[in-house]
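Q: Pasting a structure here, questions to come.
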Amino acid sequence: MAVKQAQCLSNVWGGQPPKLAVNGVFDSVMVKKIEWIQGCHGLPPSGVIEGRTWQVLYRPALDCYDPYPA
């Protein structure tokens with residue numbers, strides 16, 4: 001259930017990042033997006049969703065100046 005919640009929250013981000021399927025699968029596409037979100041907030045891009053990452057998923061920055069990786 002937590003993976004689906006993280007997928008749903010990450011899809012709020014607009015712009016270039018891809019929308020994730022809300023399927024509960026923590027795959028490489030999701031890890032890449034979580035790492036990008038972490039980097040946008042000055043967090044270490046670990047791909048692990050822990051306390052500080054949950055906080056930014058619920059309260060995203062208005063803009064991210066880091067380009068989304070190709």
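Convention: chains lettered A, B, ... in structure tokens order; per-chain residue numbering from 1; ligands numbered from 1 as shown.
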Determine, counting only C-alpha atoms, which protein, DNA and RNA residues have an atom within 9 Å of an atom of region 52-66 of chain A; residues of the same chain fewer than 5 positions away are not included. Present the result as a count of residues only.

A: 13

Q: One number please: CA of Gln16 (chain A) to CA of Val31 (chain A), in Å, one decimal.

A: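 That distance, rounded to one decimal, is 15.9 Å.
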
Q: How many Å lie between CA of Tyr68 (chain A) and CA of Met1 (chain A), rounded to one decimal?

A: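 If I compute the distance from CA of Tyr68 (chain A) to CA of Met1 (chain A), I get 26.1 Å.
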
Q: Residues within 7 Å of Asn11 (chain A), please, as a VMD selection string. Count only C-alpha atoms; anything in the same chain fewer than 4 positions from it doesn't count.

A: chain A and resid 7 19 to 20

Q: What is the distance, in Å and to one decimal place, between CA of Val25 (chain A) and CA of Glu50 (chain A)?

A: 16.8 Å

Q: DSSP on the backbone, then: every residue of chain A marked alpha helix (DSSP H), written as JSON, numbers by chain.

A: {"A": [2, 3, 4, 5, 6, 7, 8, 9, 10, 28, 29, 30, 31, 32, 33, 34, 35, 36, 37, 38, 39, 40, 51, 52, 53, 54, 55, 56, 57, 58]}

Q: Which residue, A:Lys4, A:Gly51, A:Lys33, A:Pro45, has the smallest gap to Ala21 (chain A) when you use only C-alpha atoms?

A: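 Checking each of A:Lys4, A:Gly51, A:Lys33, A:Pro45 against Ala21 (chain A), counting only C-alpha atoms, the winner is A:Lys4.
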
Q: Rank nothing, just name the residue among A:Gly24, A:Gly47, A:Pro67, A:Gly42 nearest to Ala2 (chain A), using only C-alpha atoms.

A: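 Closest residue, counting only C-alpha atoms: A:Gly24.
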